[in-house]
Structures are given as structure tokens and as C-alpha cells.
file protein.csv (CSV, C-alpha atoms)
chain,number,residue,atom,x,y,z
F,1,MET,CA,-61.7,90.9,-27.8
F,2,ASP,CA,-61.3,87.3,-26.8
F,3,GLN,CA,-61.0,84.6,-29.4
F,4,LYS,CA,-62.9,81.4,-28.8
F,5,PRO,CA,-60.8,78.2,-29.3
F,6,LYS,CA,-61.7,76.1,-32.3
F,7,ASP,CA,-62.3,72.9,-30.3
F,8,ASP,CA,-62.8,71.9,-26.7
F,9,PHE,CA,-59.2,70.6,-26.3
F,10,ASP,CA,-58.4,70.1,-22.6
F,11,PHE,CA,-54.8,71.0,-22.0
F,12,LEU,CA,-54.8,68.9,-18.8
F,13,GLU,CA,-55.9,65.7,-20.6
F,14,PRO,CA,-52.4,64.3,-21.3
F,15,SER,CA,-51.5,64.7,-17.6
F,16,VAL,CA,-54.7,62.9,-16.6
F,17,LEU,CA,-54.1,60.1,-19.0
F,18,LEU,CA,-50.6,59.7,-17.7
F,19,ASP,CA,-51.9,59.5,-14.2
F,20,GLU,CA,-54.4,56.8,-15.3
F,21,THR,CA,-51.6,54.9,-16.9
F,22,HIS,CA,-49.6,54.8,-13.7
F,23,TYR,CA,-52.7,53.8,-11.7
F,24,GLN,CA,-53.4,50.9,-14.0
F,25,THR,CA,-49.8,49.8,-13.8
F,26,GLY,CA,-49.9,49.8,-10.1
F,27,PHE,CA,-53.3,48.1,-10.1
F,28,LYS,CA,-52.0,45.3,-12.3
F,29,ASN,CA,-49.0,44.7,-10.1
F,30,GLY,CA,-51.1,44.8,-7.0
F,31,TYR,CA,-53.7,42.4,-8.4
F,32,SER,CA,-51.1,39.8,-9.2
F,33,GLU,CA,-49.7,39.9,-5.7
F,34,GLY,CA,-53.2,40.0,-4.2
F,35,LEU,CA,-54.0,36.7,-5.9
F,36,VAL,CA,-51.0,35.1,-4.2
F,37,SER,CA,-51.5,36.5,-0.8
F,38,GLY,CA,-55.3,36.3,-1.0
F,39,LYS,CA,-55.2,32.6,-1.9
F,40,GLU,CA,-53.0,31.7,1.1
F,41,GLU,CA,-55.1,33.8,3.5
F,42,GLY,CA,-58.2,32.1,2.2
F,43,ARG,CA,-56.6,28.7,2.5
F,44,GLN,CA,-55.7,29.4,6.2
F,45,VAL,CA,-59.3,30.3,7.0
F,46,GLY,CA,-60.5,27.3,5.1
F,47,LEU,CA,-58.1,25.0,7.0
F,48,LYS,CA,-59.4,26.1,10.3
F,49,ASN,CA,-63.1,26.1,9.3
F,50,GLY,CA,-62.8,22.8,7.5
F,51,PHE,CA,-61.3,21.1,10.5
F,52,GLN,CA,-63.9,22.5,12.9
F,53,VAL,CA,-66.8,21.6,10.6
F,54,GLY,CA,-65.4,18.1,10.0
F,55,GLU,CA,-64.8,17.5,13.7
F,56,GLU,CA,-68.3,18.5,14.7
F,57,LEU,CA,-70.0,16.4,12.1
F,58,GLY,CA,-67.7,13.5,12.9
F,59,PHE,CA,-68.7,13.8,16.5
F,60,TYR,CA,-72.4,13.5,15.7
F,61,GLN,CA,-71.7,10.6,13.3
F,62,GLY,CA,-69.6,8.9,16.0
F,63,CYS,CA,-72.4,9.1,18.5
F,64,LEU,CA,-74.9,8.0,15.9
F,65,ASP,CA,-72.7,4.9,15.1
F,66,VAL,CA,-72.7,3.9,18.8
F,67,TRP,CA,-76.5,4.3,19.2
F,68,THR,CA,-77.1,2.5,15.9
F,69,SER,CA,-74.9,-0.4,17.0
F,70,LEU,CA,-76.6,-0.5,20.3
F,71,VAL,CA,-80.0,-0.8,18.6
F,72,SER,CA,-78.8,-3.6,16.5
F,73,ILE,CA,-77.7,-5.5,19.6
F,74,ASP,CA,-80.8,-4.7,21.7
F,75,GLN,CA,-84.0,-3.6,20.0
F,76,ASP,CA,-85.3,-2.4,23.4
F,77,ALA,CA,-82.3,-0.3,24.3
F,78,PHE,CA,-84.2,2.8,23.2
F,79,SER,CA,-87.8,3.8,22.9
F,80,ALA,CA,-89.5,3.9,19.5
F,81,ARG,CA,-89.5,7.7,19.6
F,82,VAL,CA,-85.8,7.8,20.3
F,83,ARG,CA,-85.1,5.3,17.5
F,84,LYS,CA,-87.1,7.5,15.1
F,85,ASN,CA,-85.1,10.6,16.1
F,86,ILE,CA,-81.9,8.6,15.6
F,87,GLU,CA,-83.0,7.6,12.1
F,88,GLN,CA,-83.8,11.3,11.3
F,89,LEU,CA,-80.3,12.3,12.6
F,90,ALA,CA,-78.8,9.7,10.3
F,91,ALA,CA,-80.6,11.2,7.3
F,92,LEU,CA,-79.6,14.7,8.1
F,93,LEU,CA,-75.9,13.7,8.4
F,94,ARG,CA,-76.1,11.9,5.1
F,95,SER,CA,-77.5,15.0,3.5
F,96,TYR,CA,-74.7,17.3,4.6
F,97,PRO,CA,-72.4,18.2,1.6
F,98,LEU,CA,-69.1,17.7,3.4
F,99,SER,CA,-67.0,18.2,0.3
F,100,ASN,CA,-68.8,21.4,-0.9
F,101,PRO,CA,-68.3,24.3,1.5
F,102,GLU,CA,-70.0,26.7,-0.9
F,103,ASP,CA,-73.3,24.9,-0.7
F,104,GLU,CA,-75.8,27.5,0.6
F,105,GLN,CA,-77.6,24.9,2.7
F,106,VAL,CA,-74.7,23.9,4.9
F,107,GLN,CA,-75.6,26.2,7.8
F,108,ASP,CA,-79.3,25.3,7.7
F,109,ILE,CA,-78.5,21.5,7.8
F,110,MET,CA,-76.0,22.0,10.6
F,111,GLU,CA,-78.6,23.8,12.7
F,112,LYS,CA,-81.1,20.9,12.1
F,113,ILE,CA,-78.4,18.4,13.0
F,114,ARG,CA,-77.6,20.2,16.3
F,115,LEU,CA,-81.3,20.4,17.2
F,116,LYS,CA,-82.0,16.8,16.5
F,117,PHE,CA,-78.9,15.8,18.5
F,118,ARG,CA,-80.1,17.7,21.5
F,119,VAL,CA,-83.5,16.1,21.2
F,120,ILE,CA,-81.9,12.7,21.4
F,121,THR,CA,-79.5,13.4,24.2
F,122,ALA,CA,-82.3,15.0,26.2
F,123,SER,CA,-84.4,11.9,25.7
F,124,LEU,CA,-81.5,9.7,26.8
F,125,GLY,CA,-81.0,11.8,29.9
F,126,THR,CA,-77.3,12.3,29.1
F,127,LYS,CA,-75.2,15.5,29.1
F,128,LEU,CA,-73.4,14.4,26.0
F,129,GLU,CA,-72.7,17.4,23.8
F,130,TYR,CA,-70.2,18.7,21.3
F,131,GLN,CA,-67.7,20.9,23.1
F,132,GLY,CA,-66.0,22.5,20.1
F,133,ARG,CA,-68.1,25.6,20.0
F,134,PRO,CA,-66.9,28.5,22.2
F,135,THR,CA,-70.3,28.9,24.0
F,136,SER,CA,-70.7,25.2,24.9
F,137,SER,CA,-70.4,24.0,28.4
F,138,LYS,CA,-67.0,22.9,29.7
F,139,GLN,CA,-68.6,20.2,31.9
F,140,ASP,CA,-67.0,16.8,31.5
F,141,VAL,CA,-69.1,14.1,30.1
F,142,GLU,CA,-70.6,12.3,33.1
F,143,ASP,CA,-70.9,8.5,33.3
F,144,LEU,CA,-74.5,7.6,34.1
N,1,MET,CA,33.2,118.6,-4.0
N,2,ALA,CA,32.3,117.4,-0.5
N,3,GLY,CA,29.2,119.5,-0.7
N,4,SER,CA,28.4,117.9,-4.0
N,5,GLU,CA,28.7,114.4,-2.3
N,6,ASP,CA,26.3,115.4,0.4
N,7,LEU,CA,23.7,116.4,-2.2
N,8,SER,CA,24.1,113.1,-4.0
N,9,GLY,CA,23.4,111.2,-0.8
N,10,LEU,CA,20.2,113.2,-0.3
N,11,THR,CA,19.1,112.5,-3.8
N,12,ALA,CA,19.6,108.8,-3.3
N,13,SER,CA,17.5,108.9,-0.1
N,14,LEU,CA,14.7,110.7,-1.9
N,15,GLY,CA,14.9,108.2,-4.7
N,16,GLU,CA,14.3,105.3,-2.2
N,17,LEU,CA,11.3,107.0,-0.7
N,18,HIS,CA,9.8,107.4,-4.1
N,19,VAL,CA,10.1,103.8,-4.9
N,20,GLU,CA,8.3,102.8,-1.6
N,21,SER,CA,5.5,105.1,-2.4
N,22,SER,CA,5.1,103.5,-5.8
N,23,ALA,CA,5.0,100.0,-4.1
N,24,LEU,CA,2.2,101.2,-1.8
N,25,LYS,CA,0.2,102.6,-4.6
N,26,ASP,CA,0.6,99.3,-6.5
N,27,SER,CA,-0.7,97.5,-3.4
N,28,GLU,CA,-3.7,99.8,-3.2
N,29,ILE,CA,-4.4,99.4,-6.8
N,30,SER,CA,-4.3,95.6,-6.6
N,31,HIS,CA,-6.8,95.5,-3.7
N,32,PRO,CA,-9.7,97.0,-5.7
N,33,GLY,CA,-8.9,94.4,-8.3
N,34,ASN,CA,-9.5,91.6,-5.7
N,35,ALA,CA,-12.7,93.2,-4.7
N,36,PHE,CA,-13.8,93.2,-8.2
N,37,ASP,CA,-13.1,89.5,-8.5
N,38,ASP,CA,-15.1,88.8,-5.3
N,39,ASP,CA,-18.0,90.8,-6.7
N,40,ALA,CA,-17.8,88.8,-9.9
N,41,ILE,CA,-18.0,85.6,-8.0
N,42,ALA,CA,-21.0,86.9,-6.1
N,43,ASP,CA,-22.6,87.9,-9.3
N,44,ASP,CA,-22.1,84.4,-10.6
N,45,ASP,CA,-23.9,83.0,-7.6
N,46,VAL,CA,-26.7,85.5,-8.0
N,47,TRP,CA,-27.0,84.6,-11.6
N,48,ASP,CA,-27.2,80.9,-10.7
N,49,ASP,CA,-29.9,81.6,-8.2
N,50,VAL,CA,-31.8,83.9,-10.5
N,51,SER,CA,-31.7,81.6,-13.5
N,52,ASP,CA,-32.9,78.7,-11.4
N,53,SER,CA,-32.9,76.5,-14.5
N,54,PRO,CA,-31.1,73.4,-13.1
N,55,GLY,CA,-32.7,73.8,-9.6
N,56,HIS,CA,-36.1,74.5,-11.0
N,57,GLY,CA,-35.9,71.5,-13.4
N,58,SER,CA,-34.9,69.3,-10.5
N,59,THR,CA,-37.8,70.4,-8.4
N,60,LEU,CA,-40.2,69.8,-11.3
N,61,ASP,CA,-38.7,66.3,-11.8
N,62,ARG,CA,-39.2,65.5,-8.1
N,63,GLU,CA,-42.8,66.7,-8.1
N,64,TRP,CA,-43.6,64.8,-11.2
N,65,ALA,CA,-42.1,61.6,-9.9
N,66,HIS,CA,-44.0,62.0,-6.6
N,67,ARG,CA,-47.2,62.4,-8.5
N,68,GLN,CA,-46.6,59.3,-10.6
N,69,ASN,CA,-45.6,57.4,-7.5
N,70,GLN,CA,-48.8,58.4,-5.8
N,71,PHE,CA,-51.0,57.1,-8.6
N,72,HIS,CA,-49.0,53.9,-8.8
N,73,LYS,CA,-49.4,53.3,-5.1
N,74,MET,CA,-53.2,53.9,-5.3
N,75,GLY,CA,-53.5,51.5,-8.1
N,76,TYR,CA,-51.3,49.0,-6.3
N,77,ARG,CA,-53.3,49.1,-3.2
N,78,ASP,CA,-56.6,48.8,-5.0
N,79,GLY,CA,-55.2,46.0,-7.1
N,80,ILE,CA,-54.2,44.0,-4.0
N,81,ALA,CA,-57.6,44.3,-2.5
N,82,GLU,CA,-59.3,43.3,-5.7
N,83,GLY,CA,-57.0,40.3,-6.2
N,84,GLN,CA,-57.5,39.1,-2.7
N,85,LYS,CA,-61.2,39.4,-2.9
N,86,ASP,CA,-61.3,37.5,-6.2
N,87,ILE,CA,-59.3,34.6,-4.9
N,88,ALA,CA,-60.6,34.3,-1.4
N,89,GLN,CA,-63.2,31.7,-2.0
N,90,GLU,CA,-60.9,29.5,-4.1
N,91,GLY,CA,-58.2,29.7,-1.3
N,92,PHE,CA,-60.8,28.9,1.3
N,93,ASN,CA,-62.0,25.8,-0.7
N,94,VAL,CA,-58.5,24.5,-1.0
N,95,GLY,CA,-57.9,24.8,2.8
N,96,PHE,CA,-61.3,23.4,3.6
N,97,GLY,CA,-60.7,20.4,1.4
N,98,GLN,CA,-57.4,19.7,3.1
N,99,SER,CA,-58.8,19.7,6.6
N,100,VAL,CA,-62.4,18.7,6.6
N,101,HIS,CA,-61.8,14.9,6.5
N,102,VAL,CA,-59.0,15.0,9.1
N,103,GLY,CA,-61.3,16.9,11.4
N,104,TYR,CA,-64.2,14.5,10.6
N,105,LYS,CA,-62.1,11.5,11.6
N,106,TRP,CA,-61.1,13.1,14.8
N,107,GLY,CA,-64.7,14.0,15.5
N,108,LEU,CA,-65.6,10.3,15.0
N,109,VAL,CA,-63.1,9.4,17.7
N,110,ARG,CA,-64.4,12.0,20.0
N,111,GLY,CA,-68.0,11.1,19.3
N,112,ILE,CA,-67.6,7.3,19.6
N,113,THR,CA,-65.6,7.5,22.9
N,114,SER,CA,-67.9,10.1,24.4
N,115,ALA,CA,-71.1,8.3,23.5
N,116,LEU,CA,-69.8,4.9,24.7
N,117,ALA,CA,-68.7,6.5,28.0
N,118,SER,CA,-72.1,8.1,28.5
N,119,LEU,CA,-74.1,4.9,28.3
N,120,PRO,CA,-75.7,3.4,31.3
N,121,ASP,CA,-73.7,0.5,32.8
N,122,ASN,CA,-76.2,-2.1,31.6
N,123,LEU,CA,-75.9,-1.0,28.0
N,124,LYS,CA,-72.1,-0.8,28.2
N,125,GLU,CA,-72.0,-4.4,29.4
N,126,LYS,CA,-74.1,-5.4,26.4
N,127,MET,CA,-71.7,-3.7,23.9
N,128,PHE,CA,-68.5,-4.7,25.8
N,129,PRO,CA,-69.1,-7.9,27.7
N,130,ASN,CA,-65.3,-8.0,28.5
N,131,VAL,CA,-64.7,-6.0,31.6
N,132,GLN,CA,-61.1,-5.4,30.5
N,133,CYS,CA,-62.4,-3.8,27.2
N,134,ARG,CA,-64.6,-1.5,29.2
N,135,GLY,CA,-61.7,-0.4,31.3
N,136,GLN,CA,-59.6,0.3,28.2
N,137,LEU,CA,-62.5,2.2,26.7
N,138,GLN,CA,-62.7,4.4,29.7
N,139,ASP,CA,-58.9,5.1,29.6
N,140,LEU,CA,-59.2,6.0,26.0
N,141,ASN,CA,-62.1,8.3,26.6
N,142,ASN,CA,-60.1,10.1,29.3
N,143,SER,CA,-57.2,10.6,26.9
N,144,VAL,CA,-59.5,12.0,24.2
N,145,GLN,CA,-61.3,14.3,26.6
N,146,GLU,CA,-57.9,15.8,27.7
N,147,ILE,CA,-57.6,17.2,24.2
N,148,SER,CA,-59.9,20.3,23.8
N,149,ALA,CA,-61.2,21.3,20.4
N,150,GLU,CA,-58.7,24.2,20.4
N,151,ASP,CA,-55.9,21.7,21.2
N,152,ALA,CA,-56.9,19.5,18.3
N,153,LEU,CA,-57.1,22.4,15.9
N,154,GLN,CA,-53.6,23.5,17.0
N,155,MET,CA,-52.2,20.0,16.6
N,156,PHE,CA,-53.6,19.8,13.1
N,157,HIS,CA,-52.3,23.2,12.2
N,158,GLU,CA,-48.8,22.3,13.4
N,159,SER,CA,-48.9,19.1,11.3
N,160,ILE,CA,-49.8,21.2,8.3
N,161,LEU,CA,-46.9,23.5,8.9
N,162,ARG,CA,-44.5,20.6,9.1
N,163,SER,CA,-45.8,19.2,5.8
N,164,SER,CA,-45.6,22.5,4.1
N,165,HIS,CA,-41.9,22.5,4.8
N,166,SER,CA,-41.4,19.2,3.1
N,167,SER,CA,-40.5,18.8,-0.6
N,168,GLU,CA,-42.8,15.7,-0.9
N,169,GLU,CA,-46.2,15.7,-2.6
N,170,PRO,CA,-48.7,17.6,-0.4
N,171,ASP,CA,-51.1,14.7,0.0
N,172,ALA,CA,-48.3,12.3,1.0
N,173,THR,CA,-46.8,14.7,3.5
N,174,LEU,CA,-50.2,15.6,4.9
N,175,LYS,CA,-51.0,11.9,5.5
N,176,ARG,CA,-47.6,11.2,7.1
N,177,ALA,CA,-47.7,14.3,9.2
N,178,THR,CA,-51.2,13.4,10.4
N,179,ASP,CA,-50.1,9.9,11.1
N,180,SER,CA,-47.4,11.2,13.5
N,181,SER,CA,-49.9,13.2,15.5
N,182,ARG,CA,-51.5,12.3,18.8
N,183,LEU,CA,-54.9,12.6,17.1
N,184,GLN,CA,-53.9,9.8,14.8
N,185,SER,CA,-52.5,7.5,17.5
N,186,LEU,CA,-55.7,7.8,19.5
N,187,SER,CA,-57.7,7.0,16.4
N,188,LYS,CA,-55.7,3.9,15.9
N,189,ASP,CA,-56.2,2.9,19.6
N,190,LEU,CA,-59.9,3.2,19.1
N,191,VAL,CA,-59.9,1.1,16.0
N,192,ILE,CA,-57.9,-1.6,17.7
N,193,LEU,CA,-60.3,-1.5,20.7
N,194,LEU,CA,-63.4,-1.7,18.5
N,195,HIS,CA,-62.0,-4.7,16.6
N,196,GLU,CA,-62.3,-6.6,19.9
N,197,CYS,CA,-66.0,-5.9,19.8
N,198,PRO,CA,-67.4,-6.7,16.3
N,199,ASP,CA,-70.9,-5.5,17.3
N,200,VAL,CA,-69.9,-1.9,17.2
N,201,LYS,CA,-70.2,-0.8,13.6
N,202,VAL,CA,-68.4,2.5,13.0
N,203,SER,CA,-68.1,4.7,9.9
N,204,GLU,CA,-65.7,3.5,7.2
N,205,GLU,CA,-64.1,7.0,7.4
N,206,LEU,CA,-62.5,5.9,10.7
N,207,THR,CA,-61.2,2.5,9.7
N,208,GLY,CA,-60.5,3.2,6.1
N,209,ASP,CA,-57.5,5.5,6.6
N,210,SER,CA,-55.8,3.2,9.1
call {"tool": "encode", "arguments": {"input": "protein.csv", "output": "C-alpha cells"}}
result
Amino acid sequence: MDQKPKDDFDFLEPSVLLDETHYQTGFKNGYSEGLVSGKEEGRQVGLKNGFQVGEELGFYQGCLDVWTSLVSIDQDAFSARVRKNIEQLAALLRSYPLSNPEDEQVQDIMEKIRLKFRVITASLGTKLEYQGRPTSSKQDVEDL
Amino acid sequence: MAGSEDLSGLTASLGELHVESSALKDSEISHPGNAFDDDAIADDDVWDDVSDSPGHGSTLDREWAHRQNQFHKMGYRDGIAEGQKDIAQEGFNVGFGQSVHVGYKWGLVRGITSALASLPDNLKEKMFPNVQCRGQLQDLNNSVQEISAEDALQMFHESILRSSHSSEEPDATLKRATDSSRLQSLSKDLVILLHECPDVKVSEELTGDS
């Protein structure tokens, strides 16, 4: 006749607990090292992305500076419609949160900037374009 | 008595034979003893094998250590992944902050030179009445165009590597390293050129750092 045990003691429990202890020790050590290596990896990605984003925005701002200076010299240099688009581009560039890469709107604003820039260059009849993106044309800027 | 002497000789000879036989027997007796010793040694080995106490304990120790090591490794691997994930955004922000303004400044140079070069001749003449200035501008634009976006990024990355090997403050070394780069020298060339034409108003970002 079998005798039922008084309680539900699991004779494997001490072994499982010891395994968990070793897992947690390993996790703690790995986490500490992950913070070090992860921060450096993140920084490298940030360096590349930051330079690329900054360069593209600087390019648009540089073009804007030239066009704005030209308008101040000669009001008739561009049509009223082009001047309006130039002002809109200026507003978009001012709205870009350059120092806050986590802002959820950065991609949306960048797309609007790119679109407005293309509208202006099309109106001016120039092939001027930012050549930093992989898909962009490699054509040299042509002097008109 | 001669016959008596002969008998004595024979007795002596028999005596010698007897002694030899005893020696042989001793030898035979000793051999089984050696065999017994060998068997005893074999028994010891067998007992060692059979008992298996030290060997068995050693095996258990190795298995246990292996199990512990496996759990430690699993935890370690998961810990690294979790730590890297938790810090990734912070690391990205650090790197982004270190590069975005350098990239922006170079972008200004590229944008200004490209836009000026793309203007119709009549508008160029309005902005740069001096024909020599227009020539210098074209030369500068050519130099800028020779540097692709990939080249610029690589130059910046190399300057960062140089500054990271320095013991100076990061900001100071970054500034100095950037100053020594071709990107910086072209930026300065543009600023100098634009000073000769006050009508062109560029971003303070470009002139501020020079």
C-alpha cells in the first residue's frame, strides 16, 4: 500500500532554484557589459545618422540663404509663386528639431522639406538637388 | 677401506643432487607466490573500478559545473541583449548630438556653393559683380563637388577617431580635429569669399564657428 506524502514538496526545487541563481548572475553580468557595448554601438549609429541629417538640412538651408539673398538684391529675380515657396521652405526648415533626434515628427518634416525643395528647383528650371541619398542622381550640377 | 671410500663418494654425490632438487622446489614454490601478488594487484584495480567513488564523484562534479555554466551563459547572453537594447537610444542621441551640427555646417557649404553655381549668369553678376569673385566661386564649387556625401562622412568619422585617441576634453578635440579637416578648410574659404560680397547673407551657423 502506497503512502501519500504529507505535502507537495518538489524534490527538484532546490536544483531549479540554483539554476535560476546562476542564470540571474549571468544576466546581471551580461547586462552591465551590454550597457557599455550598446552605448558605443548606438553612438556610432548616431554619429553617422546625425552627420547625414545635418548635412542634408544644411544643404537646403544653404540654398535657401542664396535665394533669399538674391530676392533682397532683386525683387524680380523670382516670380511671386517661387518667392512664396521659398518662404514656406524657410518655415519648414525653422520647424525642424535639429537637436532632438527622438522627435516623432522629424521624418514627416523632412519629407515636406524635400518636396518643397523640388517644387522650387523645378520652377527655377535647375537640376540642383541634394546628392547625399543613395538613390539620388550622380549628375553634376549644371551651370545654366 | 678402499671400498668404504668409494661408498662415501657416492653418498656425497647423492647429497648434492638432493640439494639441487630442493632449490628447484623452492623456485617453484616462489613462483605461485608472485602469481598471487599479481592477482592481488589486479584485484585492487578491479576494486578501484568497481567502487567508482572518486571517478564517479569527478563525473558528477563535471556534469554539475557544466549545467551551472550553461545557465550562466544563457543569462549572460540575455543580459547583454537587454542592456544593449536599454541603452541604444541614449547612445544614439550622444552620437547624433556630436555630429549633427558638423554635418549641418558642411551642408551649408555644399548648398551655398551649389545654389550659387546653378544661377543664371545674369543673377550671378548681380550677386557677384566682381568677375574675379565669380571665378573663385566656381573653383570653390568644383572643390566641394569633388567630395561626395560618402567622402564627407568618412572624413568626419576619421576626425572623430583621431579625437577619441586624445586625452583632451571631447569638445575641444572634436573642434580641433574638425578644424584640421578639408571640410573645415573649404568652409573657411567660402566664408572668406562671401565676405567680399556683403549682399549674400548666410546662416550664422556657418560664420559663427570660424
call {"tool": "atom_distance", "arguments": {"input": "protein.csv", "atom1": "CA of Gln138 in chain N", "atom2": "CA of Ala115 in chain N"}}
result
11.1 Å
call {"tool": "residues_near_point", "arguments": {"input": "protein.csv", "point": "(-73.7, 2.8, 11.6)", "cutoff": "12 Å", "atoms": "all atoms listed in the file", "output": "ChimeraX atom specification"}}
result
/F:60-72,86-87,89-91,93-94 /N:108,112,199-206
call {"tool": "atom_distance", "arguments": {"input": "protein.csv", "atom1": "CA of Gln131 in chain F", "atom2": "CA of His195 in chain N"}}
result
27.0 Å
call {"tool": "residues_around", "arguments": {"input": "protein.csv", "residues": "range 35-47 of chain F", "least_positions_apart": "2", "cutoff": "7 Å", "atoms": "only C-alpha atoms", "output": "PDB file with C-alpha atoms, keeping the file's coordinate frame"}}
result
ATOM      1  CA  TYR F  31     -53.700  42.400  -8.400  1.00  0.00           C
ATOM      2  CA  SER F  32     -51.100  39.800  -9.200  1.00  0.00           C
ATOM      3  CA  GLU F  33     -49.700  39.900  -5.700  1.00  0.00           C
ATOM      4  CA  ASN F  49     -63.100  26.100   9.300  1.00  0.00           C
ATOM      5  CA  GLY F  50     -62.800  22.800   7.500  1.00  0.00           C
ATOM      6  CA  PHE F  51     -61.300  21.100  10.500  1.00  0.00           C
TER       7      PHE F  51
ATOM      8  CA  GLY N  83     -57.000  40.300  -6.200  1.00  0.00           C
ATOM      9  CA  GLN N  84     -57.500  39.100  -2.700  1.00  0.00           C
ATOM     10  CA  LYS N  85     -61.200  39.400  -2.900  1.00  0.00           C
ATOM     11  CA  ILE N  87     -59.300  34.600  -4.900  1.00  0.00           C
ATOM     12  CA  ALA N  88     -60.600  34.300  -1.400  1.00  0.00           C
ATOM     13  CA  GLN N  89     -63.200  31.700  -2.000  1.00  0.00           C
ATOM     14  CA  GLU N  90     -60.900  29.500  -4.100  1.00  0.00           C
ATOM     15  CA  GLY N  91     -58.200  29.700  -1.300  1.00  0.00           C
ATOM     16  CA  PHE N  92     -60.800  28.900   1.300  1.00  0.00           C
ATOM     17  CA  ASN N  93     -62.000  25.800  -0.700  1.00  0.00           C
ATOM     18  CA  VAL N  94     -58.500  24.500  -1.000  1.00  0.00           C
ATOM     19  CA  GLY N  95     -57.900  24.800   2.800  1.00  0.00           C
ATOM     20  CA  PHE N  96     -61.300  23.400   3.600  1.00  0.00           C
ATOM     21  CA  GLN N  98     -57.400  19.700   3.100  1.00  0.00           C
ATOM     22  CA  SER N  99     -58.800  19.700   6.600  1.00  0.00           C
TER      23      SER N  99
END
call {"tool": "closest_residue", "arguments": {"input": "protein.csv", "among": "N:Lys188, N:Arg162, N:Lys126, N:Arg62", "to": "Asp76 in chain F", "atoms": "only C-alpha atoms"}}
result
N:Lys126
